[in-house]
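Asker: Right, I'll just put the structure down here and ask away after.
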Amino acid sequence: MNPMPMSSLLEKIKQLSAEITPETLVNRHHIHANPELSYQEFQTQAYVLEQLERMGIQAKKIANTGLIAEIKGKNPDKKVVALRADMDALPIQETNDVPYKSKNPGVMHACGHDVHTASLLGTAQILQKVRDEFEGTIKLLFQPAEEKAPGGASIMIKEGALQNPTPASIFGQHVATNVPVGKIGFREGMYMASTDELYIKVIGKGGHGAMPDACIDPIVIASHIIVAMQQIISRNKNPKLPSVLTFGKIEGLGATNVIPDEVNIAGTFRAMDETWRAEGLEKMKKLAEGIADAMGGRAEFEVLKGYPFLQNNPELTRRSKAAAIEYMGAENVVDLDLWMAGEDFAFYTHHVDACFYRLGVRNDERGITSGVHTPTFDIDEKALGIGPGLMAWLAVKELEASL
């Protein structure tokens, strides 16, 4: 049997996406109501595995609480495309009044990973039904722990998610609360930032606030460090490269008349270039230690390495945007701006050609406007009538594209 023309396959995928939408919503509601924190997604893993097996798709466990599966079309060795969804939730108490509200106190799907997982399950269902209509293999990655370093993506990669077989490209879909429902966003090249956490302990000598000459004031030293570090961004970084340095926590447990022994500072450093990322961190370490030493104190500089910056392969993203226009119409495909947030999908982008795109979920008229990582986050669920079919179409179109 010859594969059907792509135009006919497009219409079939759209039809299937519409047909499975009620089931996709059931999956989303179940996952949303039963959220699990990073590295603890055992029930979510079991639920996803059950749904895949019901579709006739065999999956295997990976990265402890993740899953990986394959849907083989005709000539399965011709080309491989991977699709990824993340499954973990956040330590947030949900305040939405909805039937599918979180049942787990203090845990909530506030970043849309329930949407991503339900959507990929829908995509899997569609692809399984049209597997005789495309050539190649589609690899499904249901990934844990996007929200917490070292990131589930890095563990998936270490355990072979991008091997046997190796995908030519990988797609990731993420909700966008600033994009109206019914629209999809793309960006070529660098898109999201690396995310490193900085912890600086400034050690001095405490004492009475009226006798500073007998002390080594760590608060004054910390103040100099914070101000001086901003000059690394403004004077050492290439101005063409986006970068952010923010200190969001300073703790010096003194009093109005007490100079403490130490001050602890915590912040984040974000970059969109791995060379500058390494250089910037080294300069910050030397500066903090040097200032503290020059002022008679000592600084201990610790970096919790986060995710690398996320880069979308330009050619793949152009093809994907064109395919999305075929599926959605040009008026519903938008260009995205740089985003200095982090995402562990970035790890994949440094190993294989990747396209990380955004699914609009906002509806101002209905008051669905809350951002991610908030206790009132939710989506216009019309997005789940779009996401599964679109990702299926992107996958089969990319299988068709020449290597």
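Here's how to read the names in the structure tokens: chain A, B, ... by the order shown, residue numbers from 1 in each chain, ligand numbers from 1 in the order shown.
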Which neighbours of A:Ala228 fall inside 12 Å, counting only C-alpha atoms, when residues of the same chain fewer than 3 positions from it are skipped, and could you give them as a PDB file with C-alpha atoms, in the first residue's frame?
Answerer:
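As written to disk, result17.pdb reads:
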```pdb
ATOM      1  CA  ILE A 221      31.890  43.807  51.619  1.00  0.00           C
ATOM      2  CA  ALA A 222      28.789  42.080  50.236  1.00  0.00           C
ATOM      3  CA  SER A 223      27.444  45.425  49.036  1.00  0.00           C
ATOM      4  CA  HIS A 224      30.640  46.125  47.095  1.00  0.00           C
ATOM      5  CA  ILE A 225      30.549  42.651  45.566  1.00  0.00           C
ATOM      6  CA  GLN A 231      29.900  45.756  35.888  1.00  0.00           C
ATOM      7  CA  ILE A 232      30.996  42.337  34.662  1.00  0.00           C
ATOM      8  CA  ILE A 233      27.761  42.244  32.670  1.00  0.00           C
ATOM      9  CA  SER A 234      27.991  45.842  31.460  1.00  0.00           C
ATOM     10  CA  ARG A 235      31.735  45.968  30.751  1.00  0.00           C
ATOM     11  CA  ASN A 236      33.019  42.443  30.055  1.00  0.00           C
ATOM     12  CA  LEU A 245      22.720  38.751  36.657  1.00  0.00           C
ATOM     13  CA  LYS A 283      35.246  36.532  36.470  1.00  0.00           C
ATOM     14  CA  MET A 284      32.547  36.664  39.162  1.00  0.00           C
ATOM     15  CA  LYS A 285      34.402  34.197  41.339  1.00  0.00           C
ATOM     16  CA  LYS A 286      37.691  36.116  41.069  1.00  0.00           C
ATOM     17  CA  LEU A 287      35.958  39.456  41.673  1.00  0.00           C
ATOM     18  CA  ALA A 288      34.056  38.294  44.763  1.00  0.00           C
ATOM     19  CA  GLU A 289      37.114  36.678  46.292  1.00  0.00           C
ATOM     20  CA  GLY A 290      39.331  39.635  45.402  1.00  0.00           C
ATOM     21  CA  ILE A 291      37.023  42.285  46.859  1.00  0.00           C
ATOM     22  CA  ALA A 292      36.545  40.331  50.063  1.00  0.00           C
TER      23      ALA A 292
END
```
Asker: Report the closest atom pair, with its distance in Å rounded to one decimal, for each residue of stretch 60-173 of chain A that has an atom no farther than 6 Å from stretch 345-355 of chain A; count only C-alpha atoms, sort by chain and then rising residue number, and write it as a Markdown table.
Answerer:
```
| residue | atom | partner | partner_atom | distance |
| --- | --- | --- | --- | --- |
| A:Ser169 | CA | A:Asp353 | CA | 4.7 |
| A:Ile170 | CA | A:Ala354 | CA | 4.8 |
| A:Phe171 | CA | A:Cys355 | CA | 5.0 |
```
Asker: Between A:Leu121, A:Leu83, A:Leu316, A:Leu9, which residue has the minimum interatomic distance to A:Val26, considering only C-alpha atoms?
Answerer: A:Leu121
Asker: Excluding A:Ala124 and any residue of its chain fewer than 3 positions from it, enumerate the residues within 12 Å of it, using only C-alpha atoms, and give them as a ChimeraX atom specification.
Answerer: /A:13,16-17,20,24,48-49,51-59,68-72,82-85,117-121,127-131,137-142,387-393,395-396
Asker: What is the distance between atom CA of A:Glu315 and atom CA of A:Lys397, in Å to one decimal?
Answerer: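 Computing the Euclidean distance for atom CA of A:Glu315 and atom CA of A:Lys397 yields 13.5 Å.
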Asker: Using only C-alpha atoms, find the one residue out of A:Gly151, A:Gly329, A:Gly204, A:Pro308 that sits nearest to A:Ala294.
Answerer: A:Gly204
Asker: Could you tell me which of A:Ser8, A:Asn75, A:Thr95, A:Thr195 comes closest to A:Ala278 if we count only C-alpha atoms?
Answerer: A:Thr195
Asker: One decimal, Å: what's the distance from atom CA of A:Arg358 over to atom CA of A:Tyr191, could you say?
Answerer: 11.3 Å
Asker: For A:Thr268, list every protein, DNA or RNA residue within 6 Å, evaluated using only C-alpha atoms, and leave out those in the same chain fewer than 2 positions away; present the list as a ChimeraX atom specification.
Answerer: /A:196-198,245-246
Asker: Take the residues that were just selected and, keeping all heavy atoms, output them as a PDB file, in the first residue's frame.
Answerer:
```pdb
ATOM      1  N   ASP A 196      22.239  29.385  35.877  1.00  0.00           N
ATOM      2  CA  ASP A 196      23.127  28.989  36.967  1.00  0.00           C
ATOM      3  C   ASP A 196      22.737  29.721  38.242  1.00  0.00           C
ATOM      4  O   ASP A 196      22.407  30.909  38.216  1.00  0.00           O
ATOM      5  CB  ASP A 196      24.585  29.325  36.623  1.00  0.00           C
ATOM      6  CG  ASP A 196      25.091  28.504  35.453  1.00  0.00           C
ATOM      7  OD1 ASP A 196      24.801  27.302  35.405  1.00  0.00           O
ATOM      8  OD2 ASP A 196      25.778  29.073  34.577  1.00  0.00           O
ATOM      9  N   GLU A 197      22.777  29.008  39.366  1.00  0.00           N
ATOM     10  CA  GLU A 197      22.505  29.619  40.663  1.00  0.00           C
ATOM     11  C   GLU A 197      23.834  29.964  41.343  1.00  0.00           C
ATOM     12  O   GLU A 197      24.761  29.146  41.358  1.00  0.00           O
ATOM     13  CB  GLU A 197      21.699  28.666  41.544  1.00  0.00           C
ATOM     14  CG  GLU A 197      20.306  28.370  41.001  1.00  0.00           C
ATOM     15  CD  GLU A 197      19.531  27.409  41.877  1.00  0.00           C
ATOM     16  OE1 GLU A 197      20.006  27.105  42.996  1.00  0.00           O
ATOM     17  OE2 GLU A 197      18.455  26.954  41.444  1.00  0.00           O
ATOM     18  N   LEU A 198      23.894  31.157  41.899  1.00  0.00           N
ATOM     19  CA  LEU A 198      25.104  31.630  42.559  1.00  0.00           C
ATOM     20  C   LEU A 198      24.865  31.737  44.061  1.00  0.00           C
ATOM     21  O   LEU A 198      23.844  32.296  44.495  1.00  0.00           O
ATOM     22  CB  LEU A 198      25.513  33.005  42.020  1.00  0.00           C
ATOM     23  CG  LEU A 198      25.601  33.167  40.498  1.00  0.00           C
ATOM     24  CD1 LEU A 198      26.050  34.584  40.150  1.00  0.00           C
ATOM     25  CD2 LEU A 198      26.535  32.140  39.896  1.00  0.00           C
ATOM     26  N   LEU A 245      22.206  39.113  35.343  1.00  0.00           N
ATOM     27  CA  LEU A 245      22.720  38.751  36.657  1.00  0.00           C
ATOM     28  C   LEU A 245      21.815  39.399  37.696  1.00  0.00           C
ATOM     29  O   LEU A 245      21.688  40.627  37.745  1.00  0.00           O
ATOM     30  CB  LEU A 245      24.158  39.239  36.844  1.00  0.00           C
ATOM     31  CG  LEU A 245      24.754  39.044  38.241  1.00  0.00           C
ATOM     32  CD1 LEU A 245      24.844  37.567  38.590  1.00  0.00           C
ATOM     33  CD2 LEU A 245      26.124  39.711  38.343  1.00  0.00           C
ATOM     34  N   THR A 246      21.162  38.575  38.508  1.00  0.00           N
ATOM     35  CA  THR A 246      20.238  39.081  39.526  1.00  0.00           C
ATOM     36  C   THR A 246      20.528  38.416  40.862  1.00  0.00           C
ATOM     37  O   THR A 246      20.642  37.188  40.927  1.00  0.00           O
ATOM     38  CB  THR A 246      18.774  38.804  39.124  1.00  0.00           C
ATOM     39  OG1 THR A 246      18.465  39.527  37.939  1.00  0.00           O
ATOM     40  CG2 THR A 246      17.819  39.229  40.230  1.00  0.00           C
TER      41      THR A 246
END
```
Asker: With only C-alpha atoms as the basis for distance, which of A:Ser7, A:Asn313, A:Thr177, A:Asn264 is at the shortest distance from A:Ile219?
Answerer: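 That would be A:Asn264, the residue with the smallest distance to A:Ile219.
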Asker: Mind giving me the straight-line distance from atom CA of A:Asp97 to atom CA of A:Ala33 in Å, one decimal?
Answerer: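 We find that atom CA of A:Asp97 and atom CA of A:Ala33 lie 11.9 Å from each other.
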Asker: From a backbone DSSP assignment, name each residue in stretch 305-400 of chain A labelled helix (DSSP H, G or I), as number ranges by chain.
Answerer: A: 314-328, 330-332, 346-349, 381-385, 387-400
Asker: Do a neighbour search on A:Asp88 at 6 Å with only C-alpha atoms, toss out local chain neighbours closer than 6 positions, and write the hits as a VMD selection string.
Answerer: chain A and resid 36 to 38 144 to 145
Asker: Can you spit out the residues from that selection as a PDB file, in the first residue's frame, using N, CA and C atoms?
Answerer:
```
ATOM      1  N   GLU A  36       2.949  15.469  40.646  1.00  0.00           N
ATOM      2  CA  GLU A  36       4.068  14.921  41.415  1.00  0.00           C
ATOM      3  C   GLU A  36       5.306  15.768  41.159  1.00  0.00           C
ATOM      4  N   LEU A  37       6.091  15.973  42.207  1.00  0.00           N
ATOM      5  CA  LEU A  37       7.284  16.799  42.098  1.00  0.00           C
ATOM      6  C   LEU A  37       8.384  16.102  41.295  1.00  0.00           C
ATOM      7  N   SER A  38       9.384  16.861  40.935  1.00  0.00           N
ATOM      8  CA  SER A  38      10.516  16.359  40.151  1.00  0.00           C
ATOM      9  C   SER A  38      11.152  15.141  40.807  1.00  0.00           C
ATOM     10  N   PRO A 144      10.996  13.107  33.050  1.00  0.00           N
ATOM     11  CA  PRO A 144      10.781  13.647  34.393  1.00  0.00           C
ATOM     12  C   PRO A 144      11.624  14.889  34.648  1.00  0.00           C
ATOM     13  N   ALA A 145      11.307  15.576  35.723  1.00  0.00           N
ATOM     14  CA  ALA A 145      12.221  16.513  36.398  1.00  0.00           C
ATOM     15  C   ALA A 145      12.761  17.646  35.538  1.00  0.00           C
TER      16      ALA A 145
END
```
Asker: Could you find all residues in stretch 249-317 of chain A that DSSP calls strand (DSSP E or B) from the backbone, and write them as a list in words?
Answerer: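 Output for stretch 249-317 of chain A, strand (DSSP E or B) only: Lys249, Ile250, Glu251, Ala255, Val258, Ile259, Glu262, Val263, Asn264, Ile265, Ala266, Gly267, Thr268, Phe269, Arg270, Ala271, Arg298, Ala299, Glu300, Phe301, Glu302, Val303, Leu304, Leu310, Gln311 and Asn312 of chain A.
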Asker: Residues of the last selection are to be written out with N, CA, C and O atoms, as an mmCIF file, in the first residue's frame.
Answerer:
```cif
data_model
loop_
_atom_site.group_PDB
_atom_site.id
_atom_site.type_symbol
_atom_site.label_atom_id
_atom_site.label_comp_id
_atom_site.auth_asym_id
_atom_site.auth_seq_id
_atom_site.Cartn_x
_atom_site.Cartn_y
_atom_site.Cartn_z
ATOM 1 N N LYS A 249 18.498 37.412 46.985
ATOM 2 C CA LYS A 249 18.475 37.115 48.419
ATOM 3 C C LYS A 249 19.780 37.555 49.069
ATOM 4 O O LYS A 249 20.860 37.199 48.593
ATOM 5 N N ILE A 250 19.663 38.340 50.122
ATOM 6 C CA ILE A 250 20.808 38.740 50.948
ATOM 7 C C ILE A 250 20.418 38.491 52.397
ATOM 8 O O ILE A 250 19.391 38.975 52.863
ATOM 9 N N GLU A 251 21.249 37.757 53.095
ATOM 10 C CA GLU A 251 20.944 37.417 54.488
ATOM 11 C C GLU A 251 22.149 37.730 55.358
ATOM 12 O O GLU A 251 23.197 37.084 55.237
ATOM 13 N N ALA A 255 21.917 43.202 63.482
ATOM 14 C CA ALA A 255 20.840 44.048 64.000
ATOM 15 C C ALA A 255 21.253 45.497 63.776
ATOM 16 O O ALA A 255 22.305 45.775 63.189
ATOM 17 N N VAL A 258 24.426 45.635 65.501
ATOM 18 C CA VAL A 258 25.236 44.413 65.483
ATOM 19 C C VAL A 258 25.741 44.144 64.070
ATOM 20 O O VAL A 258 24.949 44.045 63.118
ATOM 21 N N ILE A 259 27.031 44.065 63.937
ATOM 22 C CA ILE A 259 27.644 43.646 62.673
ATOM 23 C C ILE A 259 27.789 42.130 62.718
ATOM 24 O O ILE A 259 28.410 41.591 63.649
ATOM 25 N N GLU A 262 28.922 36.954 59.119
ATOM 26 C CA GLU A 262 28.884 36.582 57.713
ATOM 27 C C GLU A 262 27.593 37.036 57.056
ATOM 28 O O GLU A 262 26.583 37.289 57.721
ATOM 29 N N VAL A 263 27.644 37.137 55.749
ATOM 30 C CA VAL A 263 26.489 37.475 54.927
ATOM 31 C C VAL A 263 26.399 36.444 53.808
ATOM 32 O O VAL A 263 27.420 36.082 53.201
ATOM 33 N N ASN A 264 25.177 35.978 53.538
ATOM 34 C CA ASN A 264 24.967 35.028 52.447
ATOM 35 C C ASN A 264 24.147 35.697 51.344
ATOM 36 O O ASN A 264 23.113 36.321 51.608
ATOM 37 N N ILE A 265 24.634 35.549 50.134
ATOM 38 C CA ILE A 265 24.001 36.148 48.960
ATOM 39 C C ILE A 265 23.629 35.023 48.008
ATOM 40 O O ILE A 265 24.403 34.083 47.801
ATOM 41 N N ALA A 266 22.447 35.115 47.388
ATOM 42 C CA ALA A 266 22.029 34.118 46.406
ATOM 43 C C ALA A 266 21.474 34.840 45.177
ATOM 44 O O ALA A 266 20.749 35.835 45.297
ATOM 45 N N GLY A 267 21.815 34.318 44.012
ATOM 46 C CA GLY A 267 21.348 34.946 42.788
ATOM 47 C C GLY A 267 21.360 34.007 41.614
ATOM 48 O O GLY A 267 21.641 32.805 41.749
ATOM 49 N N THR A 268 21.064 34.559 40.448
ATOM 50 C CA THR A 268 21.042 33.766 39.222
ATOM 51 C C THR A 268 21.808 34.480 38.121
ATOM 52 O O THR A 268 21.732 35.711 37.997
ATOM 53 N N PHE A 269 22.533 33.705 37.340
ATOM 54 C CA PHE A 269 23.271 34.215 36.186
ATOM 55 C C PHE A 269 22.740 33.499 34.953
ATOM 56 O O PHE A 269 22.669 32.266 34.921
ATOM 57 N N ARG A 270 22.343 34.282 33.957
ATOM 58 C CA ARG A 270 21.748 33.716 32.748
ATOM 59 C C ARG A 270 22.472 34.240 31.522
ATOM 60 O O ARG A 270 22.808 35.429 31.451
ATOM 61 N N ALA A 271 22.684 33.341 30.562
ATOM 62 C CA ALA A 271 23.432 33.708 29.361
ATOM 63 C C ALA A 271 22.898 32.939 28.166
ATOM 64 O O ALA A 271 22.153 31.965 28.323
ATOM 65 N N ARG A 298 36.712 37.362 53.612
ATOM 66 C CA ARG A 298 36.881 36.187 52.741
ATOM 67 C C ARG A 298 35.538 35.870 52.087
ATOM 68 O O ARG A 298 34.481 36.034 52.708
ATOM 69 N N ALA A 299 35.578 35.429 50.837
ATOM 70 C CA ALA A 299 34.354 35.061 50.123
ATOM 71 C C ALA A 299 34.464 33.632 49.618
ATOM 72 O O ALA A 299 35.482 33.236 49.050
ATOM 73 N N GLU A 300 33.413 32.869 49.855
ATOM 74 C CA GLU A 300 33.300 31.523 49.297
ATOM 75 C C GLU A 300 32.243 31.564 48.200
ATOM 76 O O GLU A 300 31.087 31.917 48.456
ATOM 77 N N PHE A 301 32.643 31.232 47.001
ATOM 78 C CA PHE A 301 31.789 31.381 45.809
ATOM 79 C C PHE A 301 31.406 29.991 45.292
ATOM 80 O O PHE A 301 32.264 29.203 44.921
ATOM 81 N N GLU A 302 30.114 29.707 45.297
ATOM 82 C CA GLU A 302 29.627 28.397 44.843
ATOM 83 C C GLU A 302 28.639 28.570 43.696
ATOM 84 O O GLU A 302 27.771 29.453 43.738
ATOM 85 N N VAL A 303 28.775 27.739 42.690
ATOM 86 C CA VAL A 303 27.872 27.767 41.531
ATOM 87 C C VAL A 303 27.138 26.439 41.450
ATOM 88 O O VAL A 303 27.762 25.374 41.425
ATOM 89 N N LEU A 304 25.805 26.500 41.430
ATOM 90 C CA LEU A 304 25.005 25.317 41.132
ATOM 91 C C LEU A 304 24.692 25.375 39.645
ATOM 92 O O LEU A 304 23.855 26.163 39.202
ATOM 93 N N LEU A 310 19.245 27.473 25.299
ATOM 94 C CA LEU A 310 18.459 26.695 24.349
ATOM 95 C C LEU A 310 18.573 27.320 22.965
ATOM 96 O O LEU A 310 18.273 28.505 22.779
ATOM 97 N N GLN A 311 18.985 26.514 22.003
ATOM 98 C CA GLN A 311 19.147 26.997 20.638
ATOM 99 C C GLN A 311 18.292 26.154 19.688
ATOM 100 O O GLN A 311 18.382 24.937 19.667
ATOM 101 N N ASN A 312 17.456 26.822 18.921
ATOM 102 C CA ASN A 312 16.641 26.156 17.916
ATOM 103 C C ASN A 312 17.396 26.138 16.588
ATOM 104 O O ASN A 312 17.824 27.193 16.102
#
```
Asker: Excluding stretch 179-184 of chain A and its own-chain neighbours fewer than 4 positions away, which residues fall within 9 Å of it when counting only C-alpha atoms? Please give them as a list in words.
Answerer: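 What passes the distance filter is Val175, Lys321, Ala324, Met328, Glu331, Asn332, Val333, Val334, Asp335, Tyr357, Arg358, Leu359, Gly360, Val361, Arg362, Asn363, Asp364, Ile379, Asp380, Glu381, Lys382, Ala383 and Ile386 of chain A.
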Asker: Contacts of A:Met192 at 6 Å or less, counting only C-alpha atoms, minus same-chain residues fewer than 2 places along, as a list of chain:residue names?
Answerer: A:Phe309, A:Leu310, A:Trp339, A:Met340, A:Ala341, A:Gly342
Asker: Just to be explicit: take each residue in the selection above, keep C-alpha atoms, and write the result as a PDB file, in the first residue's frame.
Answerer:
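New file selection-v3.pdb:
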```
ATOM      1  CA  PHE A 309      21.097  27.948  26.754  1.00  0.00           C
ATOM      2  CA  LEU A 310      18.459  26.695  24.349  1.00  0.00           C
ATOM      3  CA  TRP A 339      13.099  34.610  26.695  1.00  0.00           C
ATOM      4  CA  MET A 340      15.609  34.720  29.548  1.00  0.00           C
ATOM      5  CA  ALA A 341      13.905  31.894  31.425  1.00  0.00           C
ATOM      6  CA  GLY A 342      15.523  28.441  31.394  1.00  0.00           C
TER       7      GLY A 342
END
```
Asker: Counting only C-alpha atoms, which residue out of A:Ile325, A:Ala18, A:His29, A:Pro165 sits closest to A:Asp77?
Answerer: A:Pro165
